[in-house]
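Asks: Sharing start_12.cif (mmCIF, C-alpha atoms) below.
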```cif
data_upload
loop_
_atom_site.label_atom_id
_atom_site.label_comp_id
_atom_site.auth_asym_id
_atom_site.auth_seq_id
_atom_site.Cartn_x
_atom_site.Cartn_y
_atom_site.Cartn_z
CA MET A 5 108.50 63.08 97.92
CA SER A 6 107.85 66.52 96.41
CA VAL A 7 107.24 69.44 98.76
CA PRO A 8 103.98 71.29 98.10
CA PRO A 9 104.24 75.03 97.41
CA ILE A 10 103.77 77.40 100.34
CA ARG A 11 100.72 78.82 98.59
CA PRO A 12 99.04 78.03 95.29
CA PRO A 13 100.01 80.06 92.21
CA LEU A 14 98.25 83.40 91.81
CA ARG A 15 95.90 83.59 88.82
CA ILE A 16 95.39 86.88 86.97
CA ASP A 17 91.66 87.01 86.26
CA HIS A 18 91.43 90.46 84.71
CA ALA A 19 93.57 93.44 83.74
CA GLU A 20 92.94 97.08 82.96
CA LEU A 21 95.17 99.48 81.04
CA ARG A 22 94.60 103.22 81.32
CA LEU A 23 96.39 106.21 79.90
CA ILE A 24 96.51 109.08 82.40
CA GLU A 25 97.28 112.79 81.91
CA LEU A 26 98.04 114.88 84.99
CA PRO A 27 98.99 118.56 84.70
CA LEU A 28 102.08 119.63 86.63
CA ILE A 29 101.83 122.56 89.03
CA GLN A 30 104.73 124.21 87.22
CA PRO A 31 106.85 123.28 84.20
CA PHE A 32 109.83 121.01 84.90
CA THR A 33 112.84 121.71 82.67
CA ILE A 34 115.95 119.58 82.16
CA ALA A 35 118.65 119.58 79.50
CA THR A 36 116.47 117.65 77.03
CA GLY A 37 113.26 119.66 77.31
CA THR A 38 110.37 120.93 79.42
CA MET A 39 107.47 118.89 80.79
CA THR A 40 104.14 120.54 81.60
CA ARG A 41 102.05 117.41 82.18
CA LYS A 42 102.71 113.87 83.27
CA VAL A 43 101.35 111.29 80.82
CA PHE A 44 101.64 107.63 81.83
CA PRO A 45 100.10 104.16 81.52
CA LEU A 46 98.42 102.74 84.60
CA VAL A 47 98.00 98.97 84.90
CA VAL A 48 95.53 97.25 87.23
CA LEU A 49 95.83 93.47 87.73
CA ARG A 50 93.01 91.60 89.49
CA GLY A 51 93.09 88.18 91.14
CA GLU A 52 91.85 86.46 94.30
CA GLY A 53 89.68 89.45 95.13
CA CYS A 54 92.60 91.89 95.18
CA GLU A 55 94.00 94.54 92.82
CA GLY A 56 97.63 95.35 92.02
CA TYR A 57 98.67 98.70 90.58
CA ALA A 58 101.67 100.15 88.76
CA GLU A 59 102.56 103.17 86.63
CA GLY A 60 104.71 103.23 83.51
CA VAL A 61 107.46 105.83 83.32
CA ALA A 62 108.25 106.18 79.61
CA ASP A 63 108.18 109.68 78.16
CA VAL A 64 106.08 110.90 75.25
CA LEU A 65 109.25 111.28 73.16
CA PRO A 66 112.48 109.27 73.45
CA ASP A 67 114.35 111.99 75.35
CA TYR A 68 115.32 109.82 78.34
CA LEU A 69 115.69 106.37 76.79
CA PRO A 70 114.50 104.96 73.44
CA GLU A 71 111.22 103.65 74.89
CA THR A 72 108.19 105.93 74.55
CA ILE A 73 104.64 105.91 75.87
CA ALA A 74 103.41 104.75 72.45
CA SER A 75 105.79 101.78 72.39
CA SER A 76 105.05 100.94 76.04
CA MET A 77 101.31 100.99 75.43
CA MET A 78 101.74 98.76 72.39
CA MET A 79 103.77 96.18 74.33
CA LEU A 80 101.37 96.25 77.28
CA ARG A 81 98.30 95.95 75.06
CA ASP A 82 99.55 93.46 72.48
CA VAL A 83 102.09 91.36 74.35
CA PHE A 84 102.46 91.51 78.12
CA LEU A 85 98.91 91.77 79.43
CA PRO A 86 97.58 89.03 77.08
CA GLN A 87 100.42 86.81 78.35
CA LEU A 88 99.34 87.33 81.97
CA VAL A 89 95.55 87.32 81.96
CA GLY A 90 94.06 83.89 82.54
CA HIS A 91 97.37 82.45 83.71
CA SER A 92 98.78 81.62 87.13
CA PHE A 93 102.21 82.48 88.52
CA GLU A 94 104.05 81.06 91.52
CA ASN A 95 105.70 84.39 92.39
CA PRO A 96 106.78 87.71 90.83
CA GLN A 97 109.99 86.14 89.56
CA ALA A 98 107.90 83.86 87.36
CA VAL A 99 106.35 86.92 85.71
CA GLU A 100 109.81 88.41 85.20
CA ARG A 101 111.02 85.17 83.56
CA LEU A 102 108.00 85.14 81.23
CA ILE A 103 108.58 88.64 79.86
CA ARG A 104 112.38 88.69 80.00
CA PRO A 105 112.97 87.25 76.48
CA TRP A 106 111.35 90.25 74.81
CA ARG A 107 114.11 92.68 73.96
CA ASP A 108 114.21 96.09 75.62
CA HIS A 109 110.87 97.74 76.62
CA GLN A 110 112.08 97.72 80.22
CA MET A 111 109.52 100.31 81.29
CA ALA A 112 106.57 98.33 79.95
CA LYS A 113 107.97 95.18 81.56
CA ALA A 114 108.31 97.03 84.85
CA THR A 115 104.69 98.17 84.74
CA VAL A 116 103.23 94.66 84.65
CA GLU A 117 105.88 93.17 86.96
CA MET A 118 105.42 95.88 89.59
CA ALA A 119 101.62 95.54 89.44
CA PHE A 120 102.06 91.81 90.08
CA TRP A 121 104.36 92.51 93.06
CA ASP A 122 101.66 94.75 94.53
CA LEU A 123 98.96 92.14 93.92
CA TRP A 124 101.20 89.37 95.28
CA ALA A 125 101.82 91.28 98.51
CA LYS A 126 98.12 92.11 98.94
CA VAL A 127 97.02 88.51 98.52
CA GLN A 128 99.44 87.58 101.31
CA GLY A 129 98.33 90.50 103.47
CA LEU A 130 101.84 91.96 103.62
CA PRO A 131 103.31 95.38 102.84
CA LEU A 132 105.36 95.47 99.66
CA ARG A 133 108.49 96.43 101.59
CA SER A 134 108.28 93.16 103.53
CA VAL A 135 108.07 90.92 100.46
CA LEU A 136 110.90 92.91 98.83
CA GLY A 137 113.06 92.45 101.93
CA GLY A 138 113.02 96.03 103.20
CA THR A 139 112.93 96.97 106.86
CA LYS A 140 112.65 100.76 107.14
CA THR A 141 109.40 102.51 108.05
CA GLU A 142 110.55 105.85 106.58
CA VAL A 143 113.16 106.81 103.99
CA GLU A 144 115.45 109.79 103.51
CA VAL A 145 114.37 112.09 100.71
CA GLY A 146 116.10 114.68 98.56
CA VAL A 147 114.66 117.05 96.01
CA SER A 148 115.34 117.50 92.29
CA LEU A 149 115.17 121.08 91.00
CA GLY A 150 114.59 121.73 87.32
CA ILE A 151 116.47 124.30 85.27
CA ARG A 152 115.47 127.88 86.12
CA ASP A 153 117.40 131.13 86.25
CA ILE A 154 119.87 131.54 89.10
CA PRO A 155 117.79 133.85 91.36
CA ARG A 156 114.77 131.55 91.19
CA THR A 157 116.96 128.51 91.75
CA LEU A 158 118.46 130.08 94.87
CA ALA A 159 114.95 130.75 96.14
CA ASP A 160 113.96 127.13 95.39
CA VAL A 161 117.03 125.82 97.22
CA ALA A 162 116.30 128.01 100.24
CA LEU A 163 112.69 126.80 100.38
CA HIS A 164 113.58 123.12 100.22
CA VAL A 165 116.46 123.42 102.68
CA GLN A 166 114.01 125.07 105.08
CA GLN A 167 111.61 122.17 104.52
CA GLY A 168 114.33 119.76 105.65
CA TYR A 169 115.13 117.88 102.44
CA ARG A 170 118.31 115.84 102.94
CA ARG A 171 119.85 116.51 99.51
CA ILE A 172 119.45 119.17 96.82
CA LYS A 173 119.90 118.07 93.19
CA LEU A 174 120.34 120.69 90.49
CA LYS A 175 119.63 119.98 86.85
CA LEU A 176 122.44 121.30 84.64
CA MET A 177 123.20 121.86 81.00
CA PRO A 178 126.11 123.44 79.10
CA GLY A 179 126.09 127.16 79.77
CA HIS A 180 123.99 126.71 82.91
CA ASP A 181 126.43 125.02 85.26
CA LEU A 182 129.47 126.65 86.90
CA ARG A 183 127.92 130.07 87.57
CA LEU A 184 124.91 128.32 89.09
CA LEU A 185 127.13 126.15 91.29
CA HIS A 186 129.14 129.17 92.43
CA ALA A 187 125.95 130.95 93.45
CA VAL A 188 124.39 127.96 95.25
CA ARG A 189 127.57 127.02 97.11
CA HIS A 190 128.12 130.65 98.13
CA ASP A 191 124.70 130.82 99.77
CA PHE A 192 124.54 127.20 100.98
CA PRO A 193 128.09 126.04 101.78
CA ASP A 194 127.13 123.05 103.91
CA ILE A 195 124.20 121.33 102.18
CA HIS A 196 124.41 117.93 100.49
CA LEU A 197 124.48 119.02 96.85
CA THR A 198 124.43 116.96 93.65
CA VAL A 199 124.00 117.76 89.96
CA ASP A 200 122.28 115.89 87.15
CA ALA A 201 123.44 116.50 83.58
CA ASN A 202 120.99 114.13 81.82
CA CYS A 203 123.71 113.05 79.35
CA CYS A 204 124.29 116.53 77.91
CA TYR A 205 128.10 116.76 78.18
CA THR A 206 130.92 115.05 76.27
CA LEU A 207 134.61 114.58 77.01
CA ALA A 208 135.18 117.81 75.07
CA ASP A 209 133.61 119.50 78.13
CA LEU A 210 136.30 118.10 80.42
CA PRO A 211 137.45 121.54 81.72
CA VAL A 212 133.90 122.31 82.88
CA LEU A 213 133.41 118.88 84.40
CA ARG A 214 136.75 119.01 86.22
CA ALA A 215 135.86 122.46 87.55
CA MET A 216 132.87 120.86 89.30
CA ASP A 217 135.32 119.13 91.65
CA GLN A 218 135.72 122.39 93.58
CA PHE A 219 132.10 122.51 94.75
CA GLY A 220 132.07 119.57 97.18
CA LEU A 221 129.36 117.68 95.31
CA ASP A 222 128.19 114.32 96.62
CA TYR A 223 128.22 113.14 92.98
CA ILE A 224 127.74 114.19 89.35
CA GLU A 225 124.86 112.24 87.84
CA GLN A 226 125.05 110.87 84.28
CA PRO A 227 127.20 113.58 82.68
CA LEU A 228 127.89 111.71 79.41
CA ALA A 229 125.90 109.73 76.85
CA TRP A 230 123.07 107.44 77.95
CA ASN A 231 124.73 104.33 76.48
CA ASP A 232 128.47 105.00 77.03
CA LEU A 233 130.09 103.29 80.01
CA HIS A 234 133.54 103.53 78.40
CA ASP A 235 133.76 107.33 78.42
CA HIS A 236 132.27 107.50 81.91
CA ALA A 237 135.12 105.27 83.08
CA ARG A 238 137.63 107.59 81.41
CA LEU A 239 135.99 110.62 82.98
CA GLN A 240 135.78 109.10 86.48
CA ALA A 241 139.54 108.52 86.40
CA MET A 242 140.02 112.27 85.89
CA LEU A 243 137.59 113.46 88.59
CA SER A 244 137.70 113.37 92.36
CA THR A 245 133.90 113.75 92.54
CA PRO A 246 132.07 110.40 92.23
CA ILE A 247 130.03 109.82 89.09
CA CYS A 248 126.51 108.50 89.62
CA LEU A 249 125.12 106.44 86.75
CA ASP A 250 121.46 106.56 85.74
CA GLU A 251 120.58 106.02 82.07
CA CYS A 252 123.56 103.69 81.51
CA ILE A 253 122.28 101.12 84.02
CA ARG A 254 119.43 99.14 82.45
CA SER A 255 120.26 95.71 83.91
CA VAL A 256 122.36 94.05 86.57
CA ALA A 257 124.82 93.16 83.80
CA ASP A 258 125.24 96.85 82.99
CA CYS A 259 125.80 97.56 86.66
CA ARG A 260 128.45 94.84 86.94
CA LYS A 261 130.32 96.23 83.94
CA ALA A 262 130.13 99.75 85.37
CA LEU A 263 131.52 98.70 88.74
CA VAL A 264 134.28 96.54 87.26
CA SER A 265 135.42 99.38 85.00
CA ASP A 266 134.96 102.10 87.66
CA ALA A 267 132.60 104.01 85.37
CA GLY A 268 130.60 105.18 88.38
CA ARG A 269 130.82 105.03 92.16
CA VAL A 270 127.15 105.65 92.98
CA ILE A 271 124.17 104.00 91.29
CA ASN A 272 120.74 105.51 90.75
CA ILE A 273 118.19 102.69 90.85
CA LYS A 274 115.02 103.44 88.89
CA VAL A 275 112.76 100.43 88.96
CA GLY A 276 111.05 101.39 85.70
CA ARG A 277 114.38 101.73 83.87
CA LEU A 278 115.47 98.29 85.11
CA GLY A 279 112.34 96.37 84.13
CA GLY A 280 110.83 95.89 87.57
CA HIS A 281 111.52 95.17 91.22
CA THR A 282 113.17 91.82 90.53
CA GLU A 283 116.02 93.33 88.52
CA ALA A 284 116.15 96.39 90.78
CA LYS A 285 116.77 94.04 93.73
CA ARG A 286 119.55 92.31 91.78
CA VAL A 287 121.24 95.67 91.18
CA HIS A 288 120.77 96.57 94.84
CA ASP A 289 122.32 93.29 95.97
CA LEU A 290 125.28 93.63 93.60
CA CYS A 291 125.98 97.16 94.84
CA GLN A 292 125.67 95.95 98.42
CA ALA A 293 128.30 93.29 97.73
CA TRP A 294 130.58 95.99 96.27
CA ASP A 295 129.75 98.45 99.10
CA VAL A 296 128.56 100.96 96.49
CA PRO A 297 125.81 103.36 97.63
CA VAL A 298 122.50 103.42 95.78
CA TRP A 299 119.47 105.68 95.85
CA CYS A 300 116.04 105.65 94.25
CA GLY A 301 115.59 107.97 91.29
CA GLY A 302 112.29 109.46 90.24
CA MET A 303 110.44 110.11 86.97
CA LEU A 304 107.86 112.59 88.30
CA GLU A 305 105.64 109.67 89.28
CA ALA A 306 102.13 110.10 90.57
CA GLY A 307 101.05 108.35 93.76
CA ILE A 308 101.15 104.73 92.58
CA GLY A 309 104.67 104.94 91.15
CA ARG A 310 105.84 107.05 94.09
CA ALA A 311 104.53 104.45 96.57
CA HIS A 312 106.40 101.66 94.74
CA ASN A 313 109.61 103.73 94.90
CA ILE A 314 109.23 104.39 98.61
CA HIS A 315 108.79 100.69 99.40
CA LEU A 316 111.81 99.79 97.27
CA SER A 317 113.88 102.41 99.11
CA THR A 318 113.46 100.50 102.37
CA LEU A 319 116.11 97.99 101.25
CA GLU A 320 119.36 98.19 103.20
CA GLN A 321 121.75 99.56 100.56
CA PHE A 322 119.62 102.62 99.76
CA THR A 323 121.95 104.80 101.80
CA ARG A 324 121.60 108.10 99.88
CA PRO A 325 118.44 110.26 99.84
CA GLY A 326 116.16 109.44 96.92
CA ASP A 327 113.90 111.49 94.65
CA THR A 328 110.64 110.45 96.35
CA SER A 329 109.78 113.99 97.50
CA SER A 330 106.29 115.19 98.38
CA SER A 331 103.66 114.60 95.72
CA SER A 332 102.27 118.08 96.30
CA ARG A 333 105.43 119.56 94.74
CA TYR A 334 104.18 118.31 91.36
CA PHE A 335 100.41 117.84 91.38
CA HIS A 336 97.46 119.85 92.69
CA ARG A 337 95.67 116.53 93.17
CA ASP A 338 97.09 113.03 93.01
CA ILE A 339 95.44 109.82 91.79
CA VAL A 340 95.70 108.21 95.25
CA ALA A 341 93.62 109.05 98.30
CA GLU A 342 96.59 109.11 100.68
CA LYS A 343 98.93 112.10 101.06
CA LEU A 344 102.53 111.20 100.22
CA GLU A 345 104.31 114.03 102.00
CA THR A 346 107.69 114.41 103.68
CA THR A 347 108.48 115.82 107.09
CA ASP A 348 112.01 117.04 107.80
CA GLY A 349 113.30 115.16 104.76
CA LEU A 350 111.75 111.83 105.72
CA MET A 351 109.00 110.08 103.75
CA PRO A 352 106.89 107.58 105.72
CA VAL A 353 106.33 104.27 103.97
CA PRO A 354 102.65 104.17 102.88
CA ALA A 355 100.82 101.76 105.14
CA ASN A 356 97.12 101.93 104.33
CA GLY A 357 96.68 98.21 103.88
CA ALA A 358 98.87 95.58 102.27
CA GLY A 359 100.90 95.98 99.09
CA ILE A 360 102.00 99.51 98.23
CA GLY A 361 99.81 100.93 101.00
CA VAL A 362 97.81 103.45 98.96
CA THR A 363 94.37 103.36 97.35
CA LEU A 364 93.25 104.80 94.04
CA ASP A 365 91.00 107.83 94.08
CA TRP A 366 88.73 106.34 91.42
CA ASP A 367 86.49 109.40 91.02
CA PHE A 368 89.43 111.67 90.26
CA LEU A 369 91.22 108.97 88.26
CA ASN A 370 88.28 108.77 85.87
CA THR A 371 88.53 112.51 85.18
CA VAL A 372 92.21 112.27 84.13
CA THR A 373 91.94 109.00 82.18
CA THR A 374 92.09 109.47 78.41
CA THR A 375 91.70 105.81 77.37
CA THR A 376 90.76 102.55 79.12
CA GLU A 377 91.18 99.00 77.85
CA THR A 378 90.25 95.78 79.62
CA PHE A 379 91.64 92.27 79.29
CA ALA A 380 89.93 89.03 80.29
CA PRO A 381 90.56 85.34 79.46
#
```
Hey, can you dump this file as structure tokens for me?
Replies:
Amino acid sequence: MSVPPIRPPLRIDHAELRLIELPLIQPFTIATGTMTRKVFPLVVLRGEGCEGYAEGVADVLPDYLPETIASSMMMLRDVFLPQLVGHSFENPQAVERLIRPWRDHQMAKATVEMAFWDLWAKVQGLPLRSVLGGTKTEVEVGVSLGIRDIPRTLADVALHVQQGYRRIKLKLMPGHDLRLLHAVRHDFPDIHLTVDANCCYTLADLPVLRAMDQFGLDYIEQPLAWNDLHDHARLQAMLSTPICLDECIRSVADCRKALVSDAGRVINIKVGRLGGHTEAKRVHDLCQAWDVPVWCGGMLEAGIGRAHNIHLSTLEQFTRPGDTSSSSRYFHRDIVAEKLETTDGLMPVPANGAGIGVTLDWDFLNTVTTTTETFAP
């Protein structure tokens, strides 16, 4: 005799796709360019009287990965949302299986899959962390500092150390690296310090990269090309500092290859880069089996994306401080009503209701929405 499902499948009755533009408080510069505003898709899924939310994290130009906001919006509008609306799904994994065959577009996939996870949790009356398998009620947080001149960077480090952040990450680029590290380590010899190169070095820069070993870094994040595990493995063999992989890890298969080849010894989990919470959990579980530390990376998310990241970070193997710092570092006003702020380097898990635990500030959201599209059966 067949066993009935625990609960009936969840039907998606309606969807909404918005494009949002939020100005940043100050420009954020990395090796590939400077951002002055955060532009992102926002998906709303509706079913059983509840709403699920998620942000997309693609950039305007393909300076992080090949996916862009234009390509994400196209896939959301023309492919993924029409596949969901009017249909029922047993669980979030069923959504992931539906969209998996489409090649690439991990960030667009993540947007619909994460919105379904939020909706799924709300329908059950549970916080997202519980349905993901997390247990923490607060998570350790570090801060990511963009490229600025050395005096201003030292002032930024001092401010965020005073605020209690558990890790300081410095963005680097060729010509803005060793002198900066000398200055920061001189003034702050004991802090947890990491660097993020955003793929801007090659093996020809080996003398500079090997010189970074002297600064007691927790790890060097993604120093080489975004799609090159082979050279990262070669580089890791020549460094004592662990390499942390970001752009290279776009699936659990990528992660397995990286760990087998020792291309990296720390993994940055970005749920948008991996296509959603389902694949992010697979990467987490693989790293847990290998006893490899993971942490949650950020893409300057607004409140919806930040809340998803915080809930994901409650899983057990997230043992290094993530990038889910205070929203007020980036935005004068966020799109959610709740304040996502850290205290002494700890971010409380949002808990205003089920799901991701935050609510949209609809009045403000309407003022920063540039386009809105709706989808119904």
Asks: Check the smallest atom-to-atom distance from each of A:Val188, A:Val296, A:Val212, A:Ile151 to Gly37 in chain A using all atoms listed in the file, then report the winner.
Replies: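 When distances to Gly37 in chain A are compared using all atoms listed in the file, the smallest one comes from A:Ile151.
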Asks: Can you pull out the residues contacting Glu345 in chain A? Cut-off 8 Å, using only C-alpha atoms, and skip same-chain residues under 2 positions away; I want them as a count of residues only.
Replies: 8
Asks: Any idea what's packed within 12 Å of range 176-179 of chain A, counting only C-alpha atoms, ignoring anything in its chain fewer than 2 positions away? Could you give it as a PyMOL selection string?
Replies: chain A and resi 33-37+148-154+157+173-174+181-185+198-206+208-213+216+224-228
Asks: Include C-alpha atoms and write out the residues we just selected as a compact mmCIF listing (two decimals), in the frame of the given file.
Replies:
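Output contents, as saved in again17.txt:
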```txt
# COMPACT_ATOMS: atom_id res chain seq x y z
CA THR A 33 112.84 121.71 82.67
CA ILE A 34 115.95 119.58 82.16
CA ALA A 35 118.65 119.58 79.50
CA THR A 36 116.47 117.65 77.03
CA GLY A 37 113.26 119.66 77.31
CA SER A 148 115.34 117.50 92.29
CA LEU A 149 115.17 121.08 91.00
CA GLY A 150 114.59 121.73 87.32
CA ILE A 151 116.47 124.30 85.27
CA ARG A 152 115.47 127.88 86.12
CA ASP A 153 117.40 131.13 86.25
CA ILE A 154 119.87 131.54 89.10
CA THR A 157 116.96 128.51 91.75
CA LYS A 173 119.90 118.07 93.19
CA LEU A 174 120.34 120.69 90.49
CA ASP A 181 126.43 125.02 85.26
CA LEU A 182 129.47 126.65 86.90
CA ARG A 183 127.92 130.07 87.57
CA LEU A 184 124.91 128.32 89.09
CA LEU A 185 127.13 126.15 91.29
CA THR A 198 124.43 116.96 93.65
CA VAL A 199 124.00 117.76 89.96
CA ASP A 200 122.28 115.89 87.15
CA ALA A 201 123.44 116.50 83.58
CA ASN A 202 120.99 114.13 81.82
CA CYS A 203 123.71 113.05 79.35
CA CYS A 204 124.29 116.53 77.91
CA TYR A 205 128.10 116.76 78.18
CA THR A 206 130.92 115.05 76.27
CA ALA A 208 135.18 117.81 75.07
CA ASP A 209 133.61 119.50 78.13
CA LEU A 210 136.30 118.10 80.42
CA PRO A 211 137.45 121.54 81.72
CA VAL A 212 133.90 122.31 82.88
CA LEU A 213 133.41 118.88 84.40
CA MET A 216 132.87 120.86 89.30
CA ILE A 224 127.74 114.19 89.35
CA GLU A 225 124.86 112.24 87.84
CA GLN A 226 125.05 110.87 84.28
CA PRO A 227 127.20 113.58 82.68
CA LEU A 228 127.89 111.71 79.41
```
Asks: Identify, on the basis of only C-alpha atoms, every residue whose closest approach to Phe335 in chain A does not exceed 8 Å; exclude the query and any residue fewer than 3 positions from it along the same chain; express the result as number ranges by chain.
Replies: A: 26-29, 306, 331-332, 338
Asks: Pick the closest to Leu130 in chain A from A:Gly359, A:Leu364, A:Asp67, A:Arg254: which is it, counting all atoms listed in the file?
Replies: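 Closest to Leu130 in chain A, using all atoms listed in the file: A:Gly359.
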Asks: Write out as a ChimeraX atom specification each polymer residue whose atoms come within 12 Å of Ile172 in chain A, counting all atoms listed in the file; drop sequence neighbours fewer than 5 positions from it.
Replies: /A:145-150,157-158,160-167,185,188-189,192,194-200,221-223,324-327,329,349
Asks: Please produce an output containing C-alpha atoms for each residue in the selection, written as an mmCIF file, in the coordinates of the input.
Replies:
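Below is the file that was written, selection.cif:
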```cif
data_model
loop_
_atom_site.group_PDB
_atom_site.id
_atom_site.type_symbol
_atom_site.label_atom_id
_atom_site.label_comp_id
_atom_site.auth_asym_id
_atom_site.auth_seq_id
_atom_site.Cartn_x
_atom_site.Cartn_y
_atom_site.Cartn_z
ATOM 1 C CA VAL A 145 114.370 112.090 100.710
ATOM 2 C CA GLY A 146 116.100 114.680 98.560
ATOM 3 C CA VAL A 147 114.660 117.050 96.010
ATOM 4 C CA SER A 148 115.340 117.500 92.290
ATOM 5 C CA LEU A 149 115.170 121.080 91.000
ATOM 6 C CA GLY A 150 114.590 121.730 87.320
ATOM 7 C CA THR A 157 116.960 128.510 91.750
ATOM 8 C CA LEU A 158 118.460 130.080 94.870
ATOM 9 C CA ASP A 160 113.960 127.130 95.390
ATOM 10 C CA VAL A 161 117.030 125.820 97.220
ATOM 11 C CA ALA A 162 116.300 128.010 100.240
ATOM 12 C CA LEU A 163 112.690 126.800 100.380
ATOM 13 C CA HIS A 164 113.580 123.120 100.220
ATOM 14 C CA VAL A 165 116.460 123.420 102.680
ATOM 15 C CA GLN A 166 114.010 125.070 105.080
ATOM 16 C CA GLN A 167 111.610 122.170 104.520
ATOM 17 C CA LEU A 185 127.130 126.150 91.290
ATOM 18 C CA VAL A 188 124.390 127.960 95.250
ATOM 19 C CA ARG A 189 127.570 127.020 97.110
ATOM 20 C CA PHE A 192 124.540 127.200 100.980
ATOM 21 C CA ASP A 194 127.130 123.050 103.910
ATOM 22 C CA ILE A 195 124.200 121.330 102.180
ATOM 23 C CA HIS A 196 124.410 117.930 100.490
ATOM 24 C CA LEU A 197 124.480 119.020 96.850
ATOM 25 C CA THR A 198 124.430 116.960 93.650
ATOM 26 C CA VAL A 199 124.000 117.760 89.960
ATOM 27 C CA ASP A 200 122.280 115.890 87.150
ATOM 28 C CA LEU A 221 129.360 117.680 95.310
ATOM 29 C CA ASP A 222 128.190 114.320 96.620
ATOM 30 C CA TYR A 223 128.220 113.140 92.980
ATOM 31 C CA ARG A 324 121.600 108.100 99.880
ATOM 32 C CA PRO A 325 118.440 110.260 99.840
ATOM 33 C CA GLY A 326 116.160 109.440 96.920
ATOM 34 C CA ASP A 327 113.900 111.490 94.650
ATOM 35 C CA SER A 329 109.780 113.990 97.500
ATOM 36 C CA GLY A 349 113.300 115.160 104.760
#
```
Asks: Can you work out which one of A:Leu243, A:Ala229, A:Leu344, A:Cys54 has the shortest atom-to-atom distance to Gly307 in chain A, counting all atoms listed in the file?
Replies: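 Of the candidates, the smallest distance to Gly307 in chain A is held by A:Leu344.
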Asks: What is the CA of Val264 in chain A-CA of Met242 in chain A distance in Å, reported with one decimal?
Replies: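 Computing the Euclidean distance for CA of Val264 in chain A and CA of Met242 in chain A yields 16.8 Å.
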Asks: Where does the PyMOL selection byres ((chain A and resi 98) around 12) land in this file, that is, which residues does it pick, as JSON, numbers by chain?
Replies: {"A": [13, 14, 88, 91, 92, 93, 94, 95, 96, 97, 99, 100, 101, 102, 103, 104, 117, 120, 121, 124, 282]}
Asks: Identify, on the basis of all atoms listed in the file, every residue whose closest approach to Ala257 in chain A does not exceed 12 Å; exclude the query and any residue fewer than 4 positions from it along the same chain; express the result as a list of chain:residue names.
Replies: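 My reading of the contact set: A:Cys252, A:Ile253, A:Lys261, A:Ala262, A:Leu263, A:Val264, A:Leu278, A:Glu283, A:Ala284, A:Arg286, A:Val287, A:Leu290, A:Cys291.
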Asks: Could you tell me which of A:Thr318, A:Ile24, A:Asp191, A:Tyr57 comes closest to Pro155 in chain A if we count only C-alpha atoms?
Replies: A:Asp191
